[in-house]
2 protein chains.
Amino acid sequence: MTHKAAFTAVKTVKAYERVVEQIETAISKRELRPGDRLPSERELMLTFEVSRSTIREALRVLESTGLVRSRPGDPRGPEVLQASPAILTKTVSRLVRLETIALSELVEFRIMLEGTACTLAAQHRTEVQLNDMRAAVDAMQAQVDNGPVAFSRADVAFHVTVWAASQNQLLQICGEATRGALIDMVTDELDRAPDSQARMELSLAHDREILGAISAGDGARAGRLARSFVIEYYGDIISSQSRAALGSVADEAPA
Amino acid sequence: MTHKAAFTAVKTVKAYERVVEQIETAISKRELRPGDRLPSERELMLTFEVSRSTIREALRVLESTGLVRSRPGDPRGPEVLQASPAILTKTVSRLVRLETIALSELVEFRIMLEGTACTLAAQHRTEVQLNDMRAAVDAMQAQVDNGPVAFSRADVAFHVTVWAASQNQLLQICGEATRGALIDMVTDELDRAPDSQARMELSLAHDREILGAISAGDGARAGRLARSFVIEYYGDIISSQSRAALGSVADEAPA
DNA sequence: GGAAACACATGGTCAGACCAGTACACTCTG
DNA sequence: CAGAGTGTACTGGTCTGACCATGTGTTTCC
């Protein structure tokens, strides 16, 4: 060898992976947008010059990541989907179930999200959003007598409006994902609730308080309330240190 | 109809999905543990009574979720993998990239993450993690003269150790994802920095301060510092309301 | 003009085939 | 007997070609 050759490691990339990659980057480059249609499998196998099995395997992984959806019989081809936090929820749930992620981490994360969402909502909320929140709280009130499931559905609706008011999509996405995962993990807890009536009243009172702070534009107080309420629900899951640290952030007297 | 029949909606479930589901639940029930081997594709097609294409599509989605890995030629069959949060990182990053998220939202999100990470790190950090952080700060010091890129690499390393010390993988994952996205969006900002020397010194001082708070176990102060420093960097990107709300959470005197 | 029937391309599934690669047992050699 | 080399059987990756039920868009019929 007379000169240095800049050889680089070769890893055989499976055919279907390259197909996935190309379609994926096309989507992330916005060349394919939600609602667009991919060519049919038979066309794809011509443009990628691979067999239909390969195309199908690629479509299956794209489908499992929530990027596209295939429906039999549709002559328009596979549909490019809008990105959704649903897949995130599933992944997080699975990781928690497999104990790769501790439930306490999820709760800590949620405390953070909920607090920040309320803080930002207090600053960014519009008048109509404020009305939405009020309506949501009223709806909760109305569901108190219809059992815990109906109530918690209304409760969720309220929090969704809060997230929306935070004007931060990342917060919304992560909030959605962690909510789903938490429900997956502690859903049995919810059913047992013997004192469900009392719990519902308490939730309602909490949400009213938060709404008050948001309405008043007091972000710090809204965040503090939200954090402490989440801790009240899930506090026994996380360490006392975390509880203290996350709950009392706002209780620090600055000099 | 003489009696009420409890009919339920029928949705045709594709064959490969049922295969995925069965293997997935076997894994989450610990009937299959990391390191275990699945039967070969040809065996699976006998036990599930489907064709090999169907088995392969199922394996592809399991593979894309990081649950198993197939290697050609291995007579022991596909391997069940240890669940890893790495897949979550990919999902979150894609979501951040795909969604049209305003820079300001990203910055708000980052402020929240950085603050919480430091708060939790102050409570959860072990002695060796503390040493890691000290070493990382020293490394930053050493890189000051090597230009902004080397320095910022060291800076990142420090923050990674902080995330690790927070003992919260969700925080780490989101931190990683937002860092990548932020770099993509404001990379040019970093280069221009005319007063890079001064900025570096400032970063260093800030990180030292944070380290001090973490070392002292003062989570509230660590979080407050982290938030205000992120605001110092990116503050002009977000609204003054957000700045005030997120920065001063800890400055609220409680009664 | 509207409803019903149709044709066609689509995705879902199957069967069977070939190839390159790996693990493992089996040599052969010292 | 130990170790290096060989063989082989089975693996996963890919391809071809086929069949079916289904959804869409068109055509036909009233």
# chains A, B, ... in the order shown; residues from 1 in each chain; ligands from 1
$ closest_atom_pairs --of "chain C" --to "chain B" --cutoff "12 Å" --atoms "only C-alpha atoms (C1' of nucleotides)" --output "tab-separated table"
residue	atom	partner	partner_atom	distance
C:DG11	C1'	B:Lys14	CA	10.9
C:DG12	C1'	B:Lys14	CA	7.6
C:DT13	C1'	B:Ser51	CA	7.4
C:DC14	C1'	B:Ser51	CA	6.0
C:DA15	C1'	B:Ser51	CA	8.0
C:DG16	C1'	B:Arg52	CA	10.8
C:DC19	C1'	B:Gly73	CA	11.6
C:DA20	C1'	B:Gly73	CA	8.5
C:DG21	C1'	B:Gly73	CA	5.0
C:DT22	C1'	B:Gly73	CA	4.3
C:DA23	C1'	B:Pro75	CA	6.4
C:DC24	C1'	B:Pro75	CA	9.3
$ calpha_fit_rmsd --fixed "chain A" --moving "chain B"
2.4 Å
$ residues_around --residues "segment 111-118 of chain A" --least-positions-apart "4" --cutoff "9 Å" --atoms "only C-alpha atoms (C1' of nucleotides)" --output "VMD selection string"
(chain A and resid 106 to 107 122 to 123 159 162 to 168 171 to 172 174 to 175 210 to 211 213 to 214 219 to 231 246 to 247) or (chain B and resid 109 112 to 113 116 246)
$ write_last_selection --atoms "C-alpha atoms" --output "PDB file, in the first residue's frame"
ATOM      1  CA  LEU A 106     -42.891   9.112  35.265  1.00  0.00           C
ATOM      2  CA  VAL A 107     -44.565  10.818  38.205  1.00  0.00           C
ATOM      3  CA  ALA A 122     -51.568  31.692  33.393  1.00  0.00           C
ATOM      4  CA  GLN A 123     -49.475  33.924  31.180  1.00  0.00           C
ATOM      5  CA  HIS A 159     -56.421  19.606  31.891  1.00  0.00           C
ATOM      6  CA  VAL A 162     -55.004  24.029  30.336  1.00  0.00           C
ATOM      7  CA  TRP A 163     -52.336  22.468  28.180  1.00  0.00           C
ATOM      8  CA  ALA A 164     -53.811  24.127  25.156  1.00  0.00           C
ATOM      9  CA  ALA A 165     -53.724  27.441  26.950  1.00  0.00           C
ATOM     10  CA  SER A 166     -50.048  26.995  27.701  1.00  0.00           C
ATOM     11  CA  GLN A 167     -49.533  27.558  23.981  1.00  0.00           C
ATOM     12  CA  ASN A 168     -46.777  25.008  23.999  1.00  0.00           C
ATOM     13  CA  LEU A 171     -45.969  20.378  26.670  1.00  0.00           C
ATOM     14  CA  GLN A 172     -49.208  19.151  25.190  1.00  0.00           C
ATOM     15  CA  CYS A 174     -45.636  15.130  26.542  1.00  0.00           C
ATOM     16  CA  GLY A 175     -48.619  15.719  28.752  1.00  0.00           C
ATOM     17  CA  ILE A 210     -55.815  26.298  39.678  1.00  0.00           C
ATOM     18  CA  LEU A 211     -58.327  27.959  37.437  1.00  0.00           C
ATOM     19  CA  ALA A 213     -54.689  31.317  39.682  1.00  0.00           C
ATOM     20  CA  ILE A 214     -54.627  31.024  35.913  1.00  0.00           C
ATOM     21  CA  GLY A 219     -48.307  31.764  36.951  1.00  0.00           C
ATOM     22  CA  ALA A 220     -46.168  31.013  39.952  1.00  0.00           C
ATOM     23  CA  ARG A 221     -49.125  30.168  42.112  1.00  0.00           C
ATOM     24  CA  ALA A 222     -50.808  28.125  39.378  1.00  0.00           C
ATOM     25  CA  GLY A 223     -47.663  26.072  38.922  1.00  0.00           C
ATOM     26  CA  ARG A 224     -47.179  25.592  42.617  1.00  0.00           C
ATOM     27  CA  LEU A 225     -50.759  24.444  43.073  1.00  0.00           C
ATOM     28  CA  ALA A 226     -50.582  22.054  40.143  1.00  0.00           C
ATOM     29  CA  ARG A 227     -47.404  20.475  41.409  1.00  0.00           C
ATOM     30  CA  SER A 228     -48.702  19.998  44.895  1.00  0.00           C
ATOM     31  CA  PHE A 229     -51.926  18.473  43.641  1.00  0.00           C
ATOM     32  CA  VAL A 230     -50.168  15.961  41.479  1.00  0.00           C
ATOM     33  CA  ILE A 231     -48.014  15.143  44.464  1.00  0.00           C
ATOM     34  CA  LEU A 246     -40.492  19.420  43.275  1.00  0.00           C
ATOM     35  CA  GLY A 247     -43.278  20.517  45.526  1.00  0.00           C
TER      36      GLY A 247
ATOM     37  CA  PHE B 109     -39.556  23.502  27.283  1.00  0.00           C
ATOM     38  CA  MET B 112     -38.395  23.610  32.347  1.00  0.00           C
ATOM     39  CA  LEU B 113     -36.257  20.553  31.696  1.00  0.00           C
ATOM     40  CA  THR B 116     -36.119  20.261  36.960  1.00  0.00           C
ATOM     41  CA  LEU B 246     -40.521  30.541  34.227  1.00  0.00           C
TER      42      LEU B 246
END
$ residues_around --residues "Leu38 of chain B" --least-positions-apart "3" --cutoff "7 Å" --atoms "only C-alpha atoms (C1' of nucleotides)" --output "list in words"
Gly77, Pro78 and Glu79 of chain B
$ interface_residues --of "chain D" --to "chain B" --cutoff "10 Å" --atoms "only C-alpha atoms (C1' of nucleotides)" --output "list in words"
DA9, DC10, DT11, DG12 and DG13 of chain D
$ write_last_selection --atoms "C-alpha atoms (C1' of nucleotides)" --output "PDB file, in the first residue's frame"
ATOM      1  C1'  DA D   9     -27.177 -27.636   8.171  1.00  0.00           C
ATOM      2  C1'  DC D  10     -30.125 -24.149   9.196  1.00  0.00           C
ATOM      3  C1'  DT D  11     -30.781 -19.347   9.601  1.00  0.00           C
ATOM      4  C1'  DG D  12     -32.599 -14.807   7.950  1.00  0.00           C
ATOM      5  C1'  DG D  13     -32.985 -11.693   3.603  1.00  0.00           C
TER       6       DG D  13
END
$ select_by_dssp --residues "segment 25-148 of chain B" --states "helix (DSSP H, G or I)" --output "PyMOL selection string"
chain B and resi 25-28+41-47+52-64+86-98+103-124+127-146+148
